[in-house]
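Asks: Please find final-v6.csv (CSV, C-alpha atoms) on the next line:
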```
chain,number,residue,atom,x,y,z
L,1,MET,CA,0.0,0.0,0.0
L,2,LYS,CA,2.9,2.3,0.7
L,3,GLN,CA,3.9,1.7,-2.9
L,4,ASN,CA,0.6,3.2,-4.2
L,5,ARG,CA,0.6,6.0,-1.7
L,6,THR,CA,3.9,7.2,-2.9
L,7,LEU,CA,2.8,7.3,-6.5
L,8,ASP,CA,-0.5,8.8,-5.6
L,9,GLU,CA,1.3,11.6,-3.7
L,10,LEU,CA,3.3,12.4,-6.8
L,11,LEU,CA,0.2,12.3,-8.9
L,12,ALA,CA,-1.5,14.8,-6.5
L,13,ASP,CA,1.6,17.0,-6.6
L,14,GLU,CA,1.0,19.8,-9.2
L,15,SER,CA,4.7,20.2,-9.8
L,16,GLN,CA,5.1,16.5,-10.6
L,17,CYS,CA,1.9,16.1,-12.5
L,18,PRO,CA,1.0,19.5,-13.8
L,19,GLU,CA,-2.4,20.0,-15.6
L,20,GLU,CA,-0.7,22.2,-18.2
L,21,ILE,CA,2.5,21.7,-20.2
L,22,ASN,CA,3.7,24.4,-22.6
L,23,PRO,CA,4.6,23.1,-26.1
L,24,GLY,CA,8.0,24.0,-27.4
L,25,LYS,CA,6.5,26.1,-30.2
L,26,ASP,CA,3.5,28.2,-31.1
L,27,LEU,CA,0.8,25.9,-32.5
L,28,TRP,CA,-1.8,28.5,-33.3
L,29,PRO,CA,-0.5,29.5,-36.8
L,30,GLY,CA,-1.1,26.0,-38.2
L,31,ILE,CA,-4.5,25.9,-36.6
L,32,GLU,CA,-5.4,29.3,-37.9
L,33,GLN,CA,-4.4,28.5,-41.4
L,34,ALA,CA,-6.5,25.3,-41.3
L,35,ILE,CA,-9.5,27.3,-40.0
L,36,ASN,CA,-9.1,29.9,-42.6
L,37,GLN,CA,-9.0,27.3,-45.3
L,38,GLU,CA,-12.1,25.7,-43.8
L,39,GLN,CA,-13.9,29.1,-44.1
L,40,GLN,CA,-12.6,29.5,-47.6
L,41,LYS,CA,-13.9,26.1,-48.6
L,42,ARG,CA,-17.3,26.9,-47.1
L,43,THR,CA,-17.4,30.2,-49.0
L,44,TRP,CA,-16.2,28.5,-52.1
L,45,GLY,CA,-18.9,25.8,-51.8
L,46,LEU,CA,-21.5,28.5,-51.8
L,47,SER,CA,-19.9,30.4,-54.6
L,48,ILE,CA,-19.4,27.4,-56.8
L,49,ASN,CA,-23.0,26.4,-56.2
L,50,SER,CA,-24.2,29.8,-57.4
L,51,LYS,CA,-21.9,29.5,-60.5
L,52,ILE,CA,-23.3,26.1,-61.3
L,53,ALA,CA,-26.8,27.6,-61.0
L,54,LEU,CA,-25.7,30.3,-63.5
L,55,SER,CA,-24.3,27.7,-65.8
L,56,SER,CA,-27.5,25.7,-65.6
L,57,ALA,CA,-29.5,28.8,-66.5
L,58,ALA,CA,-27.1,29.3,-69.4
L,59,SER,CA,-27.7,25.7,-70.5
L,60,VAL,CA,-31.5,26.2,-70.4
L,61,LEU,CA,-31.3,29.5,-72.3
L,62,ALA,CA,-28.9,27.9,-74.9
L,63,ALA,CA,-31.3,25.0,-75.3
L,64,VAL,CA,-34.2,27.3,-75.9
L,65,LEU,CA,-32.2,29.3,-78.5
L,66,LEU,CA,-31.1,26.1,-80.1
L,67,ILE,CA,-34.6,24.8,-80.5
L,68,LYS,CA,-35.7,28.2,-81.8
L,69,THR,CA,-32.9,28.3,-84.4
L,70,ASP,CA,-33.4,24.7,-85.5
L,71,PHE,CA,-36.8,25.6,-86.7
L,72,SER,CA,-35.6,28.7,-88.6
L,73,SER,CA,-32.5,27.3,-90.3
L,74,ASN,CA,-31.8,24.3,-92.4
L,75,SER,CA,-28.2,25.1,-93.3
L,76,GLU,CA,-25.3,23.2,-91.7
L,77,PRO,CA,-24.4,25.2,-88.6
L,78,GLN,CA,-20.7,26.0,-87.7
L,79,LEU,CA,-19.0,28.2,-85.2
L,80,ASN,CA,-17.7,31.3,-86.9
L,81,ASP,CA,-13.9,31.8,-86.8
L,82,SER,CA,-13.8,34.3,-83.9
L,83,ILE,CA,-15.9,32.2,-81.7
L,84,ALA,CA,-13.9,29.1,-82.6
L,85,ALA,CA,-10.7,30.9,-81.7
L,86,LEU,CA,-12.2,31.9,-78.4
L,87,VAL,CA,-13.2,28.4,-77.6
L,88,GLU,CA,-9.8,27.0,-78.7
L,89,THR,CA,-7.9,29.6,-76.5
L,90,TYR,CA,-10.0,28.7,-73.4
L,91,GLU,CA,-9.8,25.0,-74.0
L,92,GLN,CA,-6.0,25.1,-74.4
L,93,GLU,CA,-5.7,27.1,-71.2
L,94,LYS,CA,-8.0,24.7,-69.3
L,95,GLN,CA,-6.0,21.7,-70.5
L,96,GLN,CA,-2.7,23.4,-69.5
L,97,MET,CA,-4.1,24.0,-66.0
L,98,LEU,CA,-5.4,20.5,-65.6
L,99,VAL,CA,-2.0,19.2,-66.5
L,100,ARG,CA,-0.3,21.6,-64.1
L,101,TYR,CA,-2.5,20.5,-61.2
L,102,GLN,CA,-2.4,16.8,-62.1
L,103,GLY,CA,-1.7,14.8,-58.9
L,104,GLN,CA,-2.3,17.7,-56.6
L,105,GLU,CA,-5.0,17.2,-54.0
L,106,ALA,CA,-8.0,19.5,-54.5
L,107,LEU,CA,-9.8,21.4,-51.7
L,108,VAL,CA,-13.2,19.9,-52.7
L,109,SER,CA,-13.8,16.4,-53.7
L,110,ASP,CA,-16.6,17.0,-56.3
L,111,TRP,CA,-14.8,19.6,-58.3
L,112,GLN,CA,-14.6,17.4,-61.4
L,113,GLN,CA,-18.4,17.0,-61.4
L,114,GLN,CA,-18.8,20.7,-61.1
L,115,LEU,CA,-16.4,21.1,-64.0
L,116,HIS,CA,-18.3,18.6,-66.0
L,117,ASP,CA,-21.5,20.5,-65.4
L,118,MET,CA,-19.9,23.7,-66.6
L,119,GLU,CA,-18.5,21.9,-69.7
L,120,GLU,CA,-22.0,20.7,-70.5
L,121,ALA,CA,-23.3,24.3,-70.2
L,122,ALA,CA,-20.5,25.4,-72.5
L,123,LYS,CA,-21.3,22.7,-75.0
L,124,SER,CA,-25.0,23.8,-75.1
L,125,LEU,CA,-23.9,27.4,-75.7
L,126,ARG,CA,-21.5,26.3,-78.5
L,127,THR,CA,-24.2,24.4,-80.1
L,128,ALA,CA,-26.6,27.3,-79.9
L,129,LEU,CA,-23.9,29.6,-81.3
L,130,GLU,CA,-23.4,27.4,-84.3
L,131,ASN,CA,-27.0,28.3,-85.3
L,132,ASP,CA,-26.9,31.9,-84.1
L,133,PRO,CA,-23.2,32.9,-84.4
L,134,ASP,CA,-23.9,36.6,-84.0
L,135,ASN,CA,-25.8,36.4,-80.8
L,136,ALA,CA,-23.8,38.6,-78.4
L,137,VAL,CA,-25.6,37.3,-75.3
L,138,LEU,CA,-24.6,33.7,-76.1
L,139,ILE,CA,-21.0,34.7,-76.9
L,140,ARG,CA,-20.8,36.6,-73.5
L,141,MET,CA,-22.3,33.6,-71.7
L,142,LEU,CA,-19.9,31.2,-73.3
L,143,GLY,CA,-17.0,33.4,-72.2
L,144,ASN,CA,-18.3,33.5,-68.7
L,145,VAL,CA,-18.8,29.7,-68.5
L,146,TYR,CA,-15.2,29.2,-69.7
L,147,GLN,CA,-13.8,31.7,-67.2
L,148,GLN,CA,-15.7,30.0,-64.4
L,149,GLN,CA,-14.1,26.7,-65.4
L,150,LEU,CA,-10.7,28.2,-65.2
L,151,ASP,CA,-11.5,29.9,-61.8
L,152,LEU,CA,-12.8,26.6,-60.4
L,153,ILE,CA,-9.7,24.7,-61.4
L,154,ASN,CA,-7.4,27.3,-60.0
L,155,LYS,CA,-9.2,27.8,-56.7
L,156,VAL,CA,-9.8,24.2,-55.8
L,157,HIS,CA,-6.1,23.7,-56.3
L,158,ALA,CA,-5.0,26.6,-54.1
L,159,PRO,CA,-2.0,25.9,-52.0
L,160,GLN,CA,-2.7,23.7,-48.9
L,161,TRP,CA,-2.4,25.2,-45.5
L,162,GLN,CA,1.0,24.5,-43.9
L,163,GLN,CA,1.7,21.0,-42.9
L,164,ILE,CA,1.0,20.5,-39.2
I,1,MET,CA,-7.7,17.1,-12.8
I,2,THR,CA,-10.4,14.8,-14.0
I,3,ALA,CA,-11.9,15.9,-17.3
I,4,VAL,CA,-14.6,13.3,-17.7
I,5,ALA,CA,-15.4,12.8,-14.0
I,6,GLU,CA,-15.8,16.6,-13.6
I,7,ALA,CA,-19.4,17.3,-12.9
I,8,TYR,CA,-21.1,19.9,-15.0
I,9,ALA,CA,-22.0,22.5,-12.3
I,10,GLY,CA,-23.3,25.9,-13.1
I,11,GLU,CA,-22.5,28.1,-16.0
I,12,ASP,CA,-19.6,27.1,-18.3
I,13,PRO,CA,-17.2,30.0,-18.3
I,14,ASP,CA,-16.4,29.2,-22.0
I,15,SER,CA,-20.0,29.3,-23.0
I,16,PRO,CA,-20.1,32.9,-24.5
I,17,LEU,CA,-16.9,32.3,-26.5
I,18,VAL,CA,-18.2,28.9,-27.7
I,19,ASP,CA,-21.3,30.6,-29.0
I,20,GLN,CA,-19.3,33.2,-30.8
I,21,ALA,CA,-16.9,30.7,-32.2
I,22,ALA,CA,-19.7,28.4,-33.4
I,23,SER,CA,-21.1,31.3,-35.4
I,24,GLY,CA,-17.8,31.5,-37.2
I,25,ASP,CA,-15.8,34.0,-35.1
I,26,SER,CA,-12.2,32.8,-35.3
I,27,ARG,CA,-11.0,35.4,-32.8
I,28,ALA,CA,-13.3,33.9,-30.2
I,29,PHE,CA,-12.0,30.5,-31.1
I,30,LYS,CA,-8.4,31.7,-30.6
I,31,GLN,CA,-9.4,32.8,-27.1
I,32,LEU,CA,-10.7,29.3,-26.4
I,33,TYR,CA,-7.4,28.0,-27.7
I,34,GLU,CA,-5.4,30.3,-25.4
I,35,ARG,CA,-7.4,29.0,-22.4
I,36,HIS,CA,-7.0,25.3,-23.1
I,37,TYR,CA,-4.0,24.5,-25.4
I,38,LYS,CA,-1.6,23.8,-22.5
I,39,ARG,CA,-3.9,21.2,-20.9
I,40,VAL,CA,-4.7,19.6,-24.3
I,41,TYR,CA,-1.0,19.5,-25.1
I,42,ALA,CA,-0.2,17.9,-21.7
I,43,LEU,CA,-2.8,15.2,-22.4
I,44,CYS,CA,-1.4,14.6,-25.9
I,45,LEU,CA,2.2,14.5,-24.7
I,46,ARG,CA,1.5,12.0,-22.0
I,47,MET,CA,-0.4,9.8,-24.4
I,48,THR,CA,2.1,10.0,-27.3
I,49,ALA,CA,5.3,10.4,-25.2
I,50,ASN,CA,6.6,12.4,-28.2
I,51,PRO,CA,6.6,16.2,-28.3
I,52,GLU,CA,6.2,16.5,-32.1
I,53,SER,CA,3.4,14.0,-32.2
I,54,ALA,CA,1.8,15.8,-29.3
I,55,GLU,CA,2.0,19.1,-31.2
I,56,GLU,CA,0.3,17.5,-34.2
I,57,CYS,CA,-2.4,15.9,-32.1
I,58,THR,CA,-3.0,19.2,-30.3
I,59,GLN,CA,-3.4,21.1,-33.6
I,60,GLU,CA,-5.6,18.4,-35.0
I,61,ALA,CA,-7.8,18.4,-31.9
I,62,PHE,CA,-8.4,22.1,-32.1
I,63,ILE,CA,-9.1,21.9,-35.9
I,64,LYS,CA,-11.6,19.2,-35.2
I,65,ALA,CA,-13.1,21.3,-32.4
I,66,TRP,CA,-13.6,24.2,-34.8
I,67,ARG,CA,-15.3,21.9,-37.3
I,68,LYS,CA,-17.5,20.3,-34.8
I,69,LEU,CA,-18.4,23.2,-32.6
I,70,ASP,CA,-21.9,23.3,-34.0
I,71,THR,CA,-22.5,19.8,-32.7
I,72,PHE,CA,-21.4,20.6,-29.2
I,73,ASN,CA,-24.7,20.4,-27.2
I,74,LYS,CA,-23.5,21.9,-24.0
I,75,GLN,CA,-24.5,18.8,-22.0
I,76,SER,CA,-21.0,19.1,-20.5
I,77,ARG,CA,-18.4,21.8,-20.1
I,78,PHE,CA,-16.6,22.8,-23.3
I,79,SER,CA,-13.3,21.8,-21.6
I,80,THR,CA,-14.7,18.3,-21.0
I,81,TRP,CA,-15.9,18.0,-24.6
I,82,LEU,CA,-12.6,19.3,-25.9
I,83,HIS,CA,-10.5,16.8,-23.8
I,84,THR,CA,-12.6,13.9,-25.0
I,85,LEU,CA,-12.1,15.1,-28.6
I,86,ALA,CA,-8.4,15.4,-27.9
I,87,SER,CA,-8.2,11.9,-26.4
I,88,ARG,CA,-9.9,10.3,-29.4
I,89,THR,CA,-7.9,12.4,-31.8
I,90,THR,CA,-4.7,11.2,-30.2
I,91,LEU,CA,-5.8,7.6,-30.1
I,92,ASP,CA,-6.6,7.9,-33.9
I,93,TYR,CA,-3.1,9.3,-34.4
I,94,LEU,CA,-1.6,6.4,-32.5
I,95,ARG,CA,-3.6,3.9,-34.4
I,96,LYS,CA,-2.2,5.2,-37.7
I,97,HIS,CA,1.3,4.5,-36.6
I,98,LYS,CA,3.1,1.2,-36.6
I,99,SER,CA,3.5,1.0,-32.8
I,100,TRP,CA,-0.3,1.1,-32.4
I,101,LEU,CA,-0.8,-1.6,-35.0
I,102,LYS,CA,1.7,-3.7,-33.1
I,103,LEU,CA,-0.2,-2.9,-29.9
I,104,VAL,CA,-3.5,-4.1,-31.4
I,105,PHE,CA,-2.5,-7.1,-33.3
I,106,SER,CA,0.4,-8.5,-31.4
I,107,GLN,CA,-0.4,-11.0,-28.7
I,108,GLU,CA,3.1,-10.8,-27.4
I,109,GLU,CA,3.9,-8.8,-24.3
I,110,GLU,CA,5.7,-5.6,-24.9
I,111,SER,CA,9.2,-5.5,-23.6
I,112,ILE,CA,9.7,-3.6,-20.5
I,113,PRO,CA,11.7,-0.4,-21.2
I,114,GLU,CA,14.5,0.8,-19.0
I,115,ALA,CA,13.8,3.7,-16.7
I,116,HIS,CA,16.6,5.6,-18.2
I,117,GLY,CA,15.5,5.9,-21.8
I,118,PRO,CA,16.1,8.7,-24.3
I,119,SER,CA,15.7,12.2,-22.8
I,120,LEU,CA,13.0,14.7,-23.9
I,121,GLU,CA,15.0,17.6,-22.7
I,122,GLN,CA,16.4,18.1,-26.2
I,123,ASP,CA,12.9,19.1,-27.3
I,124,ASN,CA,12.8,22.1,-25.0
I,125,ILE,CA,10.0,20.6,-23.0
I,126,GLU,CA,10.4,20.8,-19.3
I,127,LEU,CA,9.0,17.7,-17.8
I,128,SER,CA,8.7,16.6,-14.2
I,129,SER,CA,10.5,13.5,-13.2
I,130,LEU,CA,7.2,11.7,-13.0
I,131,ASP,CA,6.2,12.7,-16.5
I,132,LYS,CA,9.6,11.6,-17.8
I,133,LEU,CA,9.0,8.2,-16.3
I,134,LEU,CA,5.4,8.2,-17.6
I,135,CYS,CA,6.7,8.8,-21.1
I,136,ARG,CA,8.9,5.7,-20.9
I,137,LEU,CA,6.0,3.4,-20.1
I,138,PRO,CA,5.0,0.9,-22.8
I,139,GLU,CA,2.4,2.6,-25.1
I,140,ARG,CA,-0.6,0.5,-24.0
I,141,ALA,CA,0.1,1.0,-20.3
I,142,ARG,CA,0.9,4.7,-20.8
I,143,VAL,CA,-2.3,5.5,-22.6
I,144,VAL,CA,-4.4,3.7,-20.1
I,145,PHE,CA,-2.5,5.3,-17.1
I,146,THR,CA,-2.8,8.8,-18.6
I,147,LEU,CA,-6.6,8.4,-19.3
I,148,HIS,CA,-7.4,6.9,-16.0
I,149,GLY,CA,-4.8,8.0,-13.5
I,150,VAL,CA,-4.3,11.5,-14.8
I,151,GLU,CA,-7.4,12.5,-16.7
I,152,GLY,CA,-9.9,10.6,-14.6
I,153,TYR,CA,-11.7,8.5,-17.3
I,154,ARG,CA,-13.4,5.4,-16.0
I,155,HIS,CA,-12.1,2.0,-17.2
I,156,VAL,CA,-15.4,1.3,-19.0
I,157,GLU,CA,-14.9,4.6,-20.9
I,158,ILE,CA,-11.3,3.7,-21.7
I,159,ALA,CA,-12.3,0.2,-22.8
I,160,GLU,CA,-14.8,1.7,-25.2
I,161,MET,CA,-12.3,4.1,-26.6
I,162,LEU,CA,-9.5,1.5,-27.1
I,163,GLY,CA,-11.8,-1.4,-28.1
I,164,ILE,CA,-10.6,-3.5,-25.2
I,165,SER,CA,-12.3,-5.0,-22.1
I,166,SER,CA,-12.6,-3.1,-18.9
I,167,GLY,CA,-10.5,-5.8,-17.3
I,168,ALA,CA,-7.7,-5.3,-19.8
I,169,SER,CA,-7.8,-1.6,-19.1
I,170,ARG,CA,-7.5,-2.2,-15.3
I,171,ALA,CA,-4.6,-4.7,-16.0
I,172,GLN,CA,-2.7,-2.1,-18.0
I,173,TYR,CA,-3.3,0.5,-15.4
I,174,HIS,CA,-1.9,-1.6,-12.6
I,175,ARG,CA,1.0,-2.6,-14.9
I,176,ALA,CA,1.8,1.0,-15.4
I,177,ARG,CA,1.6,1.8,-11.7
I,178,ASN,CA,3.9,-1.1,-10.8
I,179,LEU,CA,6.5,0.0,-13.4
I,180,LEU,CA,6.4,3.6,-12.3
I,181,GLN,CA,6.8,2.7,-8.6
I,182,GLU,CA,9.6,0.3,-9.5
I,183,TRP,CA,11.4,3.1,-11.3
I,184,LEU,CA,10.7,5.6,-8.5
I,185,ASP,CA,12.1,3.2,-5.9
I,186,HIS,CA,15.1,2.7,-8.2
I,187,GLU,CA,15.7,6.4,-8.4
I,188,ALA,CA,15.4,6.8,-4.6
I,189,GLU,CA,18.1,4.2,-4.0
```
The structure in this file should be written as structure tokens.

Replies:
Amino acid sequence: MKQNRTLDELLADESQCPEEINPGKDLWPGIEQAINQEQQKRTWGLSINSKIALSSAASVLAAVLLIKTDFSSNSEPQLNDSIAALVETYEQEKQQMLVRYQGQEALVSDWQQQLHDMEEAAKSLRTALENDPDNAVLIRMLGNVYQQQLDLINKVHAPQWQQI
Amino acid sequence: MTAVAEAYAGEDPDSPLVDQAASGDSRAFKQLYERHYKRVYALCLRMTANPESAEECTQEAFIKAWRKLDTFNKQSRFSTWLHTLASRTTLDYLRKHKSWLKLVFSQEEESIPEAHGPSLEQDNIELSSLDKLLCRLPERARVVFTLHGVEGYRHVEIAEMLGISSGASRAQYHRARNLLQEWLDHEAE
């Protein structure tokens, strides 16, 4: 019993078994960075959702325009040169970014699905533009959808918070 | 001293800060961190016996606390909830490491370490002589001793956390006590 009492005395002694121990370094910066990233992810989740909603709206509008133009034109539709150049530039940049970030962990897991949704929206707009190549609204929407894709790829691959 | 056994009496002094932090106020959360990080670190250090691992576990525990603040139902004090979170986080950390796998899957008894093992002083951590001995306990015994003897968890709670029986928890606790006392006696000679 004496054996246990001795150990118990040490356990009850604040100097031998302190409630608090000071770590050798400041741990807050790593925590703060993780927290900030969490907040950024939440903000981005909302932001990306609104962008997807915008892209979906663009798809619907493009589909409506496509149906409308299908009835009014029998000629073989094609993108005009300036729109084709715009599409090519964005597609090249997108592919370069995807290659650059290949193998790097993304901040959100479903970003590829989000990118796919935007690609579908862009595809609908391109199809609509083939039938109505001078439609300024469609051209602007197509540019926006491409820019959103680039933004999405960039931001979901933002540098990770420091290793803890 | 006892985080779990601590009765929830009266108003939790952390409650206003918890409310602010749960609504996304990171400055309020930093204040909670300032109040509790040394206790959380002490728990993590005693469980891992490694200053760097303890730093990682402490950070991870606070990051998890931030993520889960909205699930904190105030049935206990914030400090109690935080310490349980830290204990589980540290156990998860240990499970991910080889030593823990060995602990779980090996039926062989762990070898008894010498009282005079490697020093922690090089890590700029000032430890009491008791803590230095505690850090030299075999992992299984050290974890159980820290949770029961220092933090006040009941054996049934420890058993649930570690996935062992209450009897095994008690056995490890007594093994730790015997080793510590043996080393203390040796030092007194």

Asks: Take atom CA of L:Lys94 and atom CA of L:Met141 and report the distance between them in Å, one decimal.

Replies: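 Between these atoms lies a distance of 17.0 Å.
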
Asks: Using only C-alpha atoms, tabulate the residues of chain I lying at most 6 Å from any atom of chain L, each with its closest atom pair and that distance in Å to one decimal, by chain and increasing residue number, as CSV.

Replies:
```
residue,atom,partner,partner_atom,distance
I:Lys38,CA,L:Glu20,CA,4.7
I:Arg39,CA,L:Glu20,CA,4.3
I:Ala42,CA,L:Ile21,CA,4.9
I:Glu56,CA,L:Ile164,CA,5.9
I:Gln59,CA,L:Ile31,CA,5.8
I:Asn124,CA,L:Gly24,CA,5.7
I:Ile125,CA,L:Gly24,CA,5.9
I:Ser128,CA,L:Gln16,CA,5.1
I:Leu130,CA,L:Gln16,CA,5.8
```

Asks: Could those residues be written to a file, using C-alpha atoms, as a short mmCIF file (atom, residue, chain, number, x, y, z; two decimals), keeping the file's coordinate frame?

Replies:
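Done, and the output landed in again16.cif:
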```
data_model
loop_
_atom_site.label_atom_id
_atom_site.label_comp_id
_atom_site.auth_asym_id
_atom_site.auth_seq_id
_atom_site.Cartn_x
_atom_site.Cartn_y
_atom_site.Cartn_z
CA LYS I 38 -1.60 23.80 -22.50
CA ARG I 39 -3.90 21.20 -20.90
CA ALA I 42 -0.20 17.90 -21.70
CA GLU I 56 0.30 17.50 -34.20
CA GLN I 59 -3.40 21.10 -33.60
CA ASN I 124 12.80 22.10 -25.00
CA ILE I 125 10.00 20.60 -23.00
CA SER I 128 8.70 16.60 -14.20
CA LEU I 130 7.20 11.70 -13.00
#
```

Asks: Counting only C-alpha atoms, write as a ChimeraX atom specification all protein and nucleic acid residues lying at most 12 Å from (-9.0, 27.4, -62.7) in the file's frame.

Replies: /L:48,90-91,93-101,106,111-112,114-115,145-158

Asks: Rounded to one decimal place, report the atom CA of I:Glu187-atom CA of I:Pro51 distance in Å.

Replies: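 Calculated distance between atom CA of I:Glu187 and atom CA of I:Pro51 is 24.0 Å.
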
Asks: For stretch 164-168 of chain I, work out the shell of residues within 6 Å, counting only C-alpha atoms and skipping chain neighbours fewer than 5 positions away, then give it as a PyMOL selection string.

Replies: chain I and resi 155-156+159

Asks: Excluding same-chain residues fewer than 5 positions from stretch 133-148 of chain I, what lies within 6 Å of it counting all atoms listed in the file, as an mmCIF file with C-alpha atoms, keeping the file's coordinate frame?

Replies:
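The resulting file, around_4.cif, is reproduced below:
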```cif
data_model
loop_
_atom_site.group_PDB
_atom_site.id
_atom_site.type_symbol
_atom_site.label_atom_id
_atom_site.label_comp_id
_atom_site.auth_asym_id
_atom_site.auth_seq_id
_atom_site.Cartn_x
_atom_site.Cartn_y
_atom_site.Cartn_z
ATOM 1 C CA MET I 47 -0.400 9.800 -24.400
ATOM 2 C CA ALA I 49 5.300 10.400 -25.200
ATOM 3 C CA TYR I 153 -11.700 8.500 -17.300
ATOM 4 C CA GLN I 172 -2.700 -2.100 -18.000
ATOM 5 C CA TYR I 173 -3.300 0.500 -15.400
ATOM 6 C CA ALA I 176 1.800 1.000 -15.400
#
```

Asks: Got a sec to check which residues sit within 6 Å of (-11.1, 15.3, -32.7), counting only C-alpha atoms, and write them as number ranges by chain?

Replies: I: 61, 64, 85-86, 89

Asks: State, in Å with one decimal place, the distance from atom CA of I:Ala54 to atom CA of I:Arg35.

Replies: 17.5 Å
